[in-house]
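See below for protein28.cif, which holds mmCIF, C-alpha atoms.
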```cif
data_model
#
loop_
_atom_site.label_atom_id
_atom_site.label_comp_id
_atom_site.auth_asym_id
_atom_site.auth_seq_id
_atom_site.Cartn_x
_atom_site.Cartn_y
_atom_site.Cartn_z
CA MET Q 1382 -33.34 -31.44 -2.36
CA SER Q 1383 -31.05 -34.48 -2.67
CA GLU Q 1384 -28.95 -32.75 -5.31
CA SER Q 1385 -26.32 -30.46 -3.75
CA LYS Q 1386 -26.83 -26.74 -4.20
CA LEU Q 1387 -24.86 -24.63 -6.66
CA ASP Q 1388 -21.94 -22.64 -5.34
CA LEU Q 1389 -22.10 -19.11 -6.66
CA LEU Q 1390 -19.29 -18.01 -8.93
CA GLN Q 1391 -17.44 -14.83 -8.06
CA GLY Q 1392 -19.43 -11.85 -9.24
CA THR Q 1393 -22.65 -13.70 -10.01
CA LEU Q 1394 -24.40 -12.63 -6.83
CA ASP Q 1395 -23.80 -8.95 -7.64
CA LEU Q 1396 -25.41 -9.41 -11.03
CA MET Q 1397 -28.40 -11.28 -9.54
CA VAL Q 1398 -28.93 -8.45 -7.06
CA LEU Q 1399 -28.88 -5.86 -9.84
CA GLN Q 1400 -31.37 -7.82 -11.90
CA THR Q 1401 -33.67 -8.34 -8.92
CA LEU Q 1402 -33.73 -4.61 -8.22
CA ALA Q 1403 -34.32 -3.87 -11.90
CA ALA Q 1404 -37.28 -6.26 -11.98
CA LEU Q 1405 -38.89 -5.43 -8.64
CA GLY Q 1406 -37.87 -1.85 -7.85
CA PRO Q 1407 -36.69 -0.72 -4.39
CA LEU Q 1408 -36.35 -3.65 -2.02
CA HIS Q 1409 -34.73 -4.52 1.33
CA GLY Q 1410 -31.95 -7.09 1.76
CA TYR Q 1411 -34.27 -9.82 2.95
CA GLY Q 1412 -36.60 -9.28 0.01
CA ILE Q 1413 -33.72 -9.49 -2.46
CA ALA Q 1414 -32.35 -12.67 -0.88
CA ARG Q 1415 -35.77 -14.38 -0.78
CA ARG Q 1416 -36.48 -13.40 -4.36
CA ILE Q 1417 -33.20 -14.87 -5.62
CA GLU Q 1418 -33.83 -18.09 -3.68
CA ARG Q 1419 -37.34 -18.39 -5.08
CA VAL Q 1420 -36.47 -17.61 -8.69
CA SER Q 1421 -33.53 -19.99 -8.66
CA GLY Q 1422 -35.85 -22.69 -7.31
CA ASN Q 1423 -33.73 -22.94 -4.17
CA ALA Q 1424 -30.92 -24.31 -6.33
CA VAL Q 1425 -28.22 -21.84 -5.32
CA LEU Q 1426 -26.36 -22.05 -2.07
CA LEU Q 1427 -27.07 -18.64 -0.65
CA ASN Q 1428 -26.40 -17.68 2.90
CA GLN Q 1429 -28.74 -14.73 3.07
CA GLY Q 1430 -26.14 -12.88 5.12
CA THR Q 1431 -23.71 -12.75 2.23
CA ILE Q 1432 -26.08 -10.49 0.35
CA TYR Q 1433 -25.02 -7.57 2.54
CA ALA Q 1434 -21.41 -7.72 1.42
CA SER Q 1435 -22.65 -7.63 -2.16
CA LEU Q 1436 -24.96 -4.72 -1.41
CA VAL Q 1437 -22.23 -2.59 0.13
CA ARG Q 1438 -19.95 -3.36 -2.83
CA LEU Q 1439 -22.58 -2.27 -5.34
CA GLN Q 1440 -23.31 0.82 -3.30
CA GLN Q 1441 -19.65 1.85 -3.25
CA ARG Q 1442 -19.50 1.50 -7.00
CA GLY Q 1443 -22.49 3.77 -7.31
CA TRP Q 1444 -24.69 1.15 -8.98
CA ILE Q 1445 -27.33 1.09 -6.26
CA SER Q 1446 -28.42 3.54 -3.58
CA ALA Q 1447 -29.85 2.85 -0.13
CA GLU Q 1448 -32.36 4.53 2.13
CA TRP Q 1449 -34.03 3.61 5.40
CA GLY Q 1450 -37.76 3.13 5.04
CA THR Q 1451 -40.72 1.18 6.33
CA SER Q 1452 -41.76 -2.19 4.93
CA SER Q 1453 -45.35 -3.11 4.07
CA ASN Q 1454 -45.78 -4.75 7.47
CA ASN Q 1455 -44.52 -1.64 9.25
CA ARG Q 1456 -40.96 -2.69 9.96
CA LYS Q 1457 -37.98 -0.35 9.59
CA ALA Q 1458 -35.61 -1.63 6.89
CA LYS Q 1459 -33.00 -0.33 4.50
CA PHE Q 1460 -34.32 -0.19 0.94
CA TYR Q 1461 -32.04 -0.49 -2.05
CA SER Q 1462 -32.74 0.78 -5.54
CA LEU Q 1463 -30.93 0.69 -8.86
CA THR Q 1464 -29.20 3.87 -10.03
CA LYS Q 1465 -28.86 4.99 -13.65
CA LYS Q 1466 -25.28 3.81 -13.63
CA GLY Q 1467 -26.38 0.48 -12.18
CA ARG Q 1468 -28.92 0.02 -14.95
CA LYS Q 1469 -26.20 0.56 -17.57
CA GLN Q 1470 -23.88 -1.85 -15.76
CA LEU Q 1471 -26.64 -4.45 -15.59
CA SER Q 1472 -27.18 -4.41 -19.35
CA GLU Q 1473 -23.44 -4.71 -19.96
CA ASP Q 1474 -23.01 -7.56 -17.50
CA THR Q 1475 -26.09 -9.36 -18.81
CA ALA Q 1476 -24.74 -9.26 -22.35
CA TYR Q 1477 -21.41 -10.57 -21.10
CA TRP Q 1478 -23.00 -13.46 -19.18
CA GLN Q 1479 -25.17 -14.46 -22.09
CA ARG Q 1480 -22.18 -14.55 -24.41
CA LEU Q 1481 -20.10 -16.47 -21.91
CA SER Q 1482 -22.77 -19.06 -21.11
CA GLY Q 1483 -23.46 -19.47 -24.85
CA VAL Q 1484 -19.80 -20.23 -25.47
CA MET Q 1485 -19.60 -22.53 -22.46
CA GLY Q 1486 -22.70 -24.38 -23.66
CA ARG Q 1487 -21.25 -24.89 -27.14
CA VAL Q 1488 -17.86 -26.00 -25.87
CA LEU Q 1489 -19.30 -28.41 -23.34
CA SER Q 1490 -21.72 -29.97 -25.80
CA MET Q 1491 -18.90 -30.80 -28.20
CA ALA Q 1492 -19.25 -34.38 -29.45
CA GLU Q 1493 -16.58 -36.75 -28.22
CA ASP Q 1494 -15.05 -37.64 -31.58
CA GLY Q 1495 -15.90 -34.42 -33.39
CA ASP Q 1496 -13.17 -31.89 -34.07
CA SER Q 1497 -13.93 -28.34 -33.11
CA LYS Q 1498 -15.47 -27.45 -36.49
CA MET U 1464 -10.79 4.34 -13.46
CA ILE U 1465 -13.00 6.97 -11.85
CA ASP U 1466 -15.10 4.17 -10.38
CA GLY U 1467 -11.98 2.58 -8.95
CA ILE U 1468 -10.89 5.82 -7.27
CA ARG U 1469 -14.40 6.44 -5.99
CA GLN U 1470 -14.57 2.97 -4.51
CA SER U 1471 -11.15 3.33 -2.89
CA LEU U 1472 -12.26 6.60 -1.35
CA TYR U 1473 -15.40 4.97 0.00
CA ARG U 1474 -13.39 2.16 1.44
CA PHE U 1475 -10.91 4.52 3.02
CA ARG U 1476 -13.73 6.51 4.59
CA SER U 1477 -15.44 3.36 5.80
CA PHE U 1478 -12.30 2.44 7.71
CA PHE U 1479 -12.76 5.50 9.93
CA ARG U 1480 -16.52 5.09 10.31
CA LYS U 1481 -16.36 1.52 11.56
CA PRO U 1482 -18.50 1.81 14.72
CA GLN U 1483 -21.27 3.67 12.91
CA LEU U 1484 -21.31 1.30 9.94
CA ASP U 1485 -21.24 -1.74 12.22
CA GLN U 1486 -24.20 -0.38 14.12
CA GLU U 1487 -26.10 0.25 10.91
CA LEU U 1488 -25.38 -3.27 9.71
CA ASP U 1489 -26.58 -4.68 13.03
CA ALA U 1490 -29.86 -2.80 12.63
CA GLU U 1491 -30.18 -4.03 9.06
CA MET U 1492 -29.53 -7.63 10.04
CA ALA U 1493 -32.03 -7.41 12.89
CA ALA U 1494 -34.64 -6.14 10.43
CA HIS U 1495 -33.76 -9.00 8.09
CA LEU U 1496 -34.27 -11.62 10.77
CA GLY U 1497 -37.47 -9.93 11.90
CA LEU U 1498 -38.88 -10.09 8.38
CA ALA U 1499 -37.82 -13.73 8.02
CA ILE U 1500 -39.36 -14.74 11.34
CA GLU U 1501 -42.59 -12.99 10.44
CA GLU U 1502 -42.80 -14.82 7.13
CA ASN U 1503 -42.08 -18.17 8.82
CA LEU U 1504 -44.82 -17.49 11.39
CA ARG U 1505 -47.25 -16.76 8.59
CA ARG U 1506 -46.38 -20.15 7.15
CA GLY U 1507 -47.53 -21.67 10.42
CA MET U 1508 -44.26 -22.42 12.22
CA THR U 1509 -44.01 -22.21 15.99
CA PRO U 1510 -42.19 -19.03 17.14
CA GLU U 1511 -39.18 -21.07 18.14
CA GLU U 1512 -38.98 -22.90 14.84
CA ALA U 1513 -39.57 -19.66 12.91
CA ARG U 1514 -36.58 -18.09 14.62
CA ARG U 1515 -34.38 -21.16 14.12
CA GLN U 1516 -35.18 -21.34 10.41
CA ALA U 1517 -34.57 -17.62 9.98
CA LEU U 1518 -31.12 -17.98 11.52
CA ILE U 1519 -30.32 -21.02 9.35
CA GLY U 1520 -31.37 -19.15 6.22
CA PHE U 1521 -29.23 -16.18 7.16
CA GLY U 1522 -26.09 -18.23 7.72
CA GLY U 1523 -23.52 -17.20 10.31
CA THR U 1524 -24.16 -13.64 11.50
CA GLU U 1525 -20.56 -13.05 12.54
CA GLN U 1526 -19.42 -14.40 9.21
CA ALA U 1527 -21.76 -12.05 7.38
CA LYS U 1528 -20.46 -9.09 9.38
CA GLU U 1529 -16.88 -10.06 8.61
CA HIS U 1530 -17.76 -10.36 4.94
CA HIS U 1531 -19.39 -6.97 5.02
CA ARG U 1532 -16.34 -5.35 6.61
CA GLU U 1533 -14.02 -6.93 4.08
CA SER U 1534 -16.11 -5.67 1.20
CA ARG U 1535 -16.70 -2.16 2.40
CA SER U 1536 -13.33 -1.30 3.91
CA LEU U 1537 -9.63 -1.94 3.51
CA PRO U 1538 -8.85 -5.32 5.08
CA VAL U 1539 -5.12 -4.59 4.98
CA LEU U 1540 -5.62 -1.42 6.96
CA GLU U 1541 -7.92 -3.16 9.43
CA ILE U 1542 -5.42 -5.93 10.02
CA LEU U 1543 -2.63 -3.39 10.34
CA SER U 1544 -4.49 -1.38 12.94
CA GLN U 1545 -5.32 -4.56 14.84
CA ASP U 1546 -1.66 -5.58 14.84
CA LEU U 1547 -0.66 -2.11 15.92
CA ARG U 1548 -3.08 -2.12 18.82
CA TYR U 1549 -1.87 -5.56 19.86
CA THR U 1550 1.76 -4.43 19.68
CA LEU U 1551 1.16 -1.35 21.79
CA ARG U 1552 -0.73 -3.41 24.34
CA THR U 1553 2.13 -5.90 24.57
CA LEU U 1554 4.73 -3.16 24.86
CA ARG U 1555 2.79 -1.45 27.62
CA ARG U 1556 2.57 -4.68 29.54
CA ASP U 1557 6.29 -5.43 29.28
CA ARG U 1558 7.96 -2.10 29.88
CA ALA U 1559 11.51 -3.40 30.34
CA PHE U 1560 11.36 -5.17 27.00
CA ALA U 1561 9.89 -2.09 25.33
CA LEU U 1562 12.64 0.09 26.75
CA ILE U 1563 15.38 -2.24 25.52
CA ALA U 1564 13.78 -2.52 22.09
CA ILE U 1565 13.53 1.25 21.74
CA LEU U 1566 17.11 1.66 22.95
CA ILE U 1567 18.42 -0.88 20.44
CA LEU U 1568 16.50 0.80 17.66
CA ALA U 1569 17.80 4.22 18.66
CA LEU U 1570 21.38 3.00 18.81
CA GLY U 1571 21.04 1.20 15.49
CA ILE U 1572 19.58 4.23 13.76
CA GLY U 1573 22.16 6.52 15.32
CA ALA U 1574 25.06 4.31 14.27
CA ASN U 1575 23.72 4.09 10.75
CA ILE U 1576 23.40 7.86 10.49
CA ALA U 1577 26.95 8.34 11.77
CA VAL U 1578 28.41 5.82 9.33
CA PHE U 1579 26.40 7.18 6.45
CA SER U 1580 27.47 10.76 7.15
CA VAL U 1581 31.11 9.69 6.97
CA VAL U 1582 30.63 7.58 3.86
CA ASN U 1583 28.66 10.37 2.24
CA THR U 1584 31.36 12.96 2.89
CA ILE U 1585 34.31 10.78 1.97
CA LEU U 1586 33.02 8.51 -0.76
CA LEU U 1587 29.75 9.72 -2.19
CA ARG U 1588 29.78 13.48 -2.26
CA PRO U 1589 31.86 14.75 -5.19
CA LEU U 1590 34.70 17.19 -4.57
CA PRO U 1591 33.48 20.80 -4.66
CA PHE U 1592 35.09 21.56 -8.02
CA PRO U 1593 33.62 21.68 -11.53
CA ASP U 1594 34.02 18.33 -13.40
CA SER U 1595 35.60 16.87 -10.30
CA GLN U 1596 35.27 13.37 -11.75
CA GLN U 1597 38.10 14.26 -14.14
CA LEU U 1598 40.53 14.88 -11.30
CA THR U 1599 43.15 12.21 -10.73
CA TRP U 1600 45.67 11.93 -7.94
CA PHE U 1601 49.07 10.43 -8.66
CA ALA U 1602 50.48 8.50 -5.74
CA GLY U 1603 54.17 7.65 -5.60
CA SER U 1604 55.74 4.45 -4.22
CA HIS U 1605 52.86 2.42 -5.70
CA GLY U 1606 50.55 4.03 -3.20
CA GLN U 1607 52.17 2.12 -0.31
CA GLY U 1608 52.65 3.84 3.00
CA PRO U 1609 51.46 7.03 4.69
CA LEU U 1610 50.63 10.20 2.78
CA SER U 1611 54.08 11.77 3.08
CA GLY U 1612 55.66 8.58 1.76
CA ILE U 1613 53.69 8.50 -1.50
CA THR U 1614 54.75 11.87 -2.85
CA TYR U 1615 57.02 12.91 -5.73
CA ASN U 1616 59.87 15.38 -5.53
CA VAL U 1617 59.77 18.64 -7.47
CA GLY U 1618 61.99 17.30 -10.24
CA SER U 1619 59.64 14.38 -10.93
CA TYR U 1620 56.67 16.73 -10.91
CA GLU U 1621 58.31 18.98 -13.48
CA GLU U 1622 59.05 15.97 -15.68
CA PHE U 1623 55.44 14.80 -15.43
CA ARG U 1624 54.23 18.23 -16.33
CA HIS U 1625 56.66 18.55 -19.19
CA HIS U 1626 55.81 15.20 -20.81
CA ASN U 1627 52.11 15.19 -20.00
CA GLN U 1628 49.90 14.33 -22.97
CA SER U 1629 47.03 12.54 -21.23
CA PHE U 1630 45.80 15.31 -18.90
CA GLN U 1631 44.77 18.87 -19.46
CA GLU U 1632 46.99 19.97 -16.58
CA VAL U 1633 49.35 18.51 -14.02
CA THR U 1634 49.69 20.38 -10.76
CA ALA U 1635 51.11 19.81 -7.28
CA PHE U 1636 50.80 20.72 -3.64
CA GLN U 1637 52.94 20.19 -0.59
CA PRO U 1638 51.22 17.83 1.81
CA PHE U 1639 53.68 17.46 4.68
CA TRP U 1640 52.21 17.86 8.11
CA GLY U 1641 53.54 20.85 10.00
CA SER U 1642 55.60 22.13 7.10
CA SER U 1643 52.89 24.63 6.34
CA GLU U 1644 52.64 26.50 9.62
CA TYR U 1645 53.73 30.12 9.67
CA ASN U 1646 53.74 33.14 11.84
CA MET U 1647 52.23 36.08 10.03
CA THR U 1648 53.26 39.59 10.99
CA GLY U 1649 52.76 43.02 9.39
CA HIS U 1650 49.08 43.35 10.06
CA GLY U 1651 47.94 43.74 13.62
CA GLU U 1652 49.03 41.11 16.08
CA PRO U 1653 51.30 38.34 14.87
CA GLN U 1654 49.22 35.33 13.91
CA HIS U 1655 49.80 31.63 13.69
CA VAL U 1656 48.47 30.57 10.30
CA GLN U 1657 48.18 27.37 8.31
CA ALA U 1658 49.13 27.49 4.66
CA VAL U 1659 49.57 24.94 1.89
CA MET U 1660 52.22 25.43 -0.77
CA VAL U 1661 50.83 24.87 -4.23
CA ALA U 1662 52.08 25.07 -7.81
CA ASP U 1663 51.14 28.16 -9.83
CA ASN U 1664 48.49 26.29 -11.85
CA PHE U 1665 46.89 24.59 -8.82
CA PHE U 1666 43.68 26.61 -8.65
CA ARG U 1667 43.41 26.87 -12.42
CA THR U 1668 43.50 23.07 -12.64
CA LEU U 1669 40.78 22.75 -10.04
CA GLY U 1670 38.73 25.36 -11.88
CA VAL U 1671 38.73 27.76 -8.92
CA GLN U 1672 38.91 31.52 -9.48
CA PRO U 1673 39.77 33.92 -6.66
CA ALA U 1674 36.85 36.19 -5.78
CA LEU U 1675 39.28 39.10 -5.53
CA GLY U 1676 42.69 39.64 -7.09
CA ARG U 1677 44.22 37.02 -9.40
CA ASN U 1678 45.56 33.48 -9.52
CA PHE U 1679 49.27 32.74 -9.19
CA LEU U 1680 51.56 33.42 -12.14
CA PRO U 1681 54.17 30.94 -13.44
CA THR U 1682 56.93 33.39 -12.56
CA GLU U 1683 55.79 33.32 -8.95
CA CYS U 1684 56.41 29.58 -8.87
CA ALA U 1685 60.01 29.89 -10.12
CA LYS U 1686 62.82 29.29 -7.66
CA GLY U 1687 63.74 32.45 -5.78
CA ALA U 1688 60.59 34.35 -6.73
CA ALA U 1689 58.83 36.47 -4.08
CA PRO U 1690 56.25 34.35 -2.26
CA THR U 1691 52.59 35.18 -2.90
CA VAL U 1692 49.50 34.10 -1.00
CA LEU U 1693 45.82 33.59 -1.67
CA LEU U 1694 43.63 33.84 1.39
CA THR U 1695 40.69 31.62 2.19
CA HIS U 1696 37.37 33.39 2.44
CA ALA U 1697 36.99 32.55 6.11
CA PHE U 1698 40.45 33.87 6.99
CA TRP U 1699 39.88 37.04 4.95
CA ARG U 1700 36.68 37.76 6.82
CA GLN U 1701 38.03 36.91 10.22
CA GLN U 1702 41.43 38.55 10.00
CA PHE U 1703 40.81 41.46 7.63
CA ALA U 1704 37.13 42.12 8.22
CA ALA U 1705 36.45 41.29 4.54
CA ASP U 1706 38.39 44.34 3.40
CA PRO U 1707 38.66 44.30 -0.41
CA ALA U 1708 41.67 46.66 -0.26
CA ILE U 1709 43.73 43.74 1.05
CA VAL U 1710 44.72 42.75 -2.51
CA GLY U 1711 48.38 43.60 -3.05
CA PHE U 1712 49.08 44.04 0.67
CA SER U 1713 52.36 42.66 1.99
CA PHE U 1714 52.80 40.48 5.05
CA CYS U 1715 55.72 38.69 6.52
CA PHE U 1716 55.39 34.90 6.76
CA LEU U 1717 57.95 33.29 9.00
CA ALA U 1718 58.35 29.57 8.80
CA ARG U 1719 57.87 28.29 12.31
CA ALA U 1720 60.43 26.09 13.87
CA ALA U 1721 60.02 22.57 12.62
CA ARG U 1722 57.66 21.84 15.46
CA GLY U 1723 55.95 18.57 14.71
CA TYR U 1724 57.65 18.30 11.39
CA PHE U 1725 58.92 14.82 12.08
CA ARG U 1726 56.29 13.95 14.59
CA PRO U 1727 55.81 10.26 13.83
CA GLY U 1728 52.43 9.02 12.72
CA ASN U 1729 50.97 12.45 12.03
CA HIS U 1730 50.32 12.32 8.36
CA GLY U 1731 46.89 13.93 8.30
#
```
Would you mind writing the file's structure down as structure tokens?
Amino acid sequence: MSESKLDLLQGTLDLMVLQTLAALGPLHGYGIARRIERVSGNAVLLNQGTIYASLVRLQQRGWISAEWGTSSNNRKAKFYSLTKKGRKQLSEDTAYWQRLSGVMGRVLSMAEDGDSK
Amino acid sequence: MIDGIRQSLYRFRSFFRKPQLDQELDAEMAAHLGLAIEENLRRGMTPEEARRQALIGFGGTEQAKEHHRESRSLPVLEILSQDLRYTLRTLRRDRAFALIAILILALGIGANIAVFSVVNTILLRPLPFPDSQQLTWFAGSHGQGPLSGITYNVGSYEEFRHHNQSFQEVTAFQPFWGSSEYNMTGHGEPQHVQAVMVADNFFRTLGVQPALGRNFLPTECAKGAAPTVLLTHAFWRQQFAADPAIVGFSFCFLARAARGYFRPGNHG
């Protein structure tokens, strides 16, 4: 824990939420936040509260839908699930991120004296 | 595009459903903390510690709410409505100031309207003739002095008209104040009327056709010819009850005594 946590880039949280819902199915805000923390190995700086801004954004775009339900330990919570449109968006955004991180990786691993070829 | 519109609509609607959405978010956040505390208890924390850790993990609750509002609604509109409420509160508290501010605004708006109406009539609105931008007014004496001082005499006008090559027509009217007042007799009670003497081609140049009868003829403009009149629509209706048989009727126009003829400063 001595290393400082990663600040999330704009838009990355939305994508993480989509992927979490795609992998786990309908889930409440707390479940999504905990899952992201666990999968990232507690490396991202995530105030769990910020997840709700992301959730409302995704909902307004029609990528996820929400419904009040009961959790496994009998607690009322709002459950979010991926819509068809959200699934399509997720695959587009995933492809984009993979391309971008591939390019970033190549550019940043450029040797010091090498030209760009 | 459609998504953008849809999102804007959502945001617009959210602005008006603020209390309900805030309440829903509060319930959701309470559930979140409840779930977190439960998990921490399962991990063997004391109730107090479980709650503390849950709150730390969540981050600032007020901050999260603010974030939520910004994302779901229209921050500009929210700020605007806040400012508006604040303004109204301030104005209500300080009535004298509010009254003066409203008064100044009213006066300012009123003055602007008055000035604009004048500017619009005099400068902006074109003259009510076809192709009025082609009309030019010749002013004598280099345009110096009052209206009656910047005229030409009949001889000069006839020379202009004779040698004119630059304009389609040259015409004239008699502008002197008071020189155009007559007493009209021959039809009911004698009437005091205002008339303007014009050259025979005056209305033709302006592109105006009489609704009844005909325009003036050149022979009617010659010296010694019998005077002819064209009536304005308003006068025709008021004096002759819009009688179309008035065309060709004779009246007697008597030049009034030169009352006001040389009245100084009256060059309207």
Interface list for chain U, partner chain Q, 7 Å threshold, all atoms listed in the file, as a ChimeraX atom specification: /U:1466,1470,1473,1491,1494-1495,1520-1522,1524,1527,1530-1531,1534-1535
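Atom pair CA of Pro1407 in chain Q / CA of Leu1463 in chain Q: separated by 7.4 Å.
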Range 1472-1485 of chain U: axis-aligned bounding box, 5 Å on each side, centre and edge lengths in Å, one decimal, as JSON:
```
{"center_x": -16.1, "center_y": 2.4, "center_z": 6.7, "size_x": 20.4, "size_y": 18.3, "size_z": 26.1}
```
When you look at Ala1602 in chain U with a cut-off of 9 Å (counting all atoms listed in the file), what residues show up, excluding the ones that are within fewer than 2 positions of it in the same chain? I need them as an MDAnalysis selection string. chainID U and resid 1600 1604:1607 1610 1613:1615
I need the residue set behind the PyMOL selection byres ((chain U and resi 1623-1636) around 8) for this file; please write it as a compact mmCIF listing (two decimals) with C-alpha atoms, in the frame of the given file.
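Done, and the output landed in part11.txt:
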```
# COMPACT_ATOMS: atom_id res chain seq x y z
CA SER U 1619 59.64 14.38 -10.93
CA TYR U 1620 56.67 16.73 -10.91
CA GLU U 1621 58.31 18.98 -13.48
CA GLU U 1622 59.05 15.97 -15.68
CA GLN U 1637 52.94 20.19 -0.59
CA PRO U 1638 51.22 17.83 1.81
CA VAL U 1659 49.57 24.94 1.89
CA MET U 1660 52.22 25.43 -0.77
CA VAL U 1661 50.83 24.87 -4.23
CA ALA U 1662 52.08 25.07 -7.81
CA ASP U 1663 51.14 28.16 -9.83
CA ASN U 1664 48.49 26.29 -11.85
CA PHE U 1665 46.89 24.59 -8.82
CA THR U 1668 43.50 23.07 -12.64
```
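What the PyMOL selection byres ((chain U and resi 1670) around 12) picks from this file is Leu1590, Pro1591, Phe1592, Pro1593, Asp1594, Ser1595, Gln1597, Leu1598, Gln1631, Glu1632, Asn1664, Phe1665, Phe1666, Arg1667, Thr1668, Leu1669, Val1671, Gln1672, Pro1673 and Asn1678 of chain U.
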Output C-alpha atoms for every residue in the selection just made, as a tab-separated table (two decimals), keeping the file's coordinate frame.
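out_9.tsv, written as the output of this step:
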```
chain	number	residue	atom	x	y	z
U	1590	LEU	CA	34.70	17.19	-4.57
U	1591	PRO	CA	33.48	20.80	-4.66
U	1592	PHE	CA	35.09	21.56	-8.02
U	1593	PRO	CA	33.62	21.68	-11.53
U	1594	ASP	CA	34.02	18.33	-13.40
U	1595	SER	CA	35.60	16.87	-10.30
U	1597	GLN	CA	38.10	14.26	-14.14
U	1598	LEU	CA	40.53	14.88	-11.30
U	1631	GLN	CA	44.77	18.87	-19.46
U	1632	GLU	CA	46.99	19.97	-16.58
U	1664	ASN	CA	48.49	26.29	-11.85
U	1665	PHE	CA	46.89	24.59	-8.82
U	1666	PHE	CA	43.68	26.61	-8.65
U	1667	ARG	CA	43.41	26.87	-12.42
U	1668	THR	CA	43.50	23.07	-12.64
U	1669	LEU	CA	40.78	22.75	-10.04
U	1671	VAL	CA	38.73	27.76	-8.92
U	1672	GLN	CA	38.91	31.52	-9.48
U	1673	PRO	CA	39.77	33.92	-6.66
U	1678	ASN	CA	45.56	33.48	-9.52
```
Just how far from CA of Arg1480 in chain U is CA of Ser1536 in chain U, in Å to one decimal?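 Straight-line distance from CA of Ser1536 in chain U to CA of Arg1480 in chain U works out to 9.6 Å.
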Gap from CA of Lys1386 in chain Q to CA of Asn1423 in chain Q - Å, one decimal: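 Straight-line distance from CA of Lys1386 in chain Q to CA of Asn1423 in chain Q works out to 7.9 Å.
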Non-local contacts of Leu1390 in chain Q (12 Å; all atoms listed in the file; under 3 positions in same chain excluded) as a ChimeraX atom specification: /Q:1387,1393-1397,1425-1427,1478
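Using all atoms listed in the file, the shortest contact distance between Leu1389 in chain Q and any of Q:Ala1403, Q:Ser1462, Q:Ser1421, Q:Arg1416 is found at Q:Ser1421.
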Taking all atoms listed in the file into account, name the residue in U:Val1656, U:Leu1566, U:Leu1680, U:Leu1504 that is nearest to Leu1694 in chain U. U:Val1656
Kindly indicate which residue among Q:Asp1388, Q:Tyr1477, Q:Ile1417, Q:Val1484 lies nearest to Gln1400 in chain Q, using all atoms listed in the file for the distances.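 Among the listed residues, the smallest separation from Gln1400 in chain Q belongs to Q:Ile1417.
Using all atoms listed in the file, the nearest neighbour of Tyr1645 in chain U within the list U:Ala1704, U:Leu1551, U:Ala1658, U:Leu1472 is U:Ala1658.
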Point out the residue among Q:Thr1451, Q:Leu1399, Q:Ser1446, Q:Met1491 with the least atom-to-atom distance to Gln1470 in chain Q, counting only C-alpha atoms.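 Between Q:Thr1451, Q:Leu1399, Q:Ser1446, Q:Met1491, the residue approaching Gln1470 in chain Q most closely is Q:Leu1399.
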The PyMOL selection byres ((chain U and resi 1676) around 10) on the file shown: which residues, as a count of residues only? 13
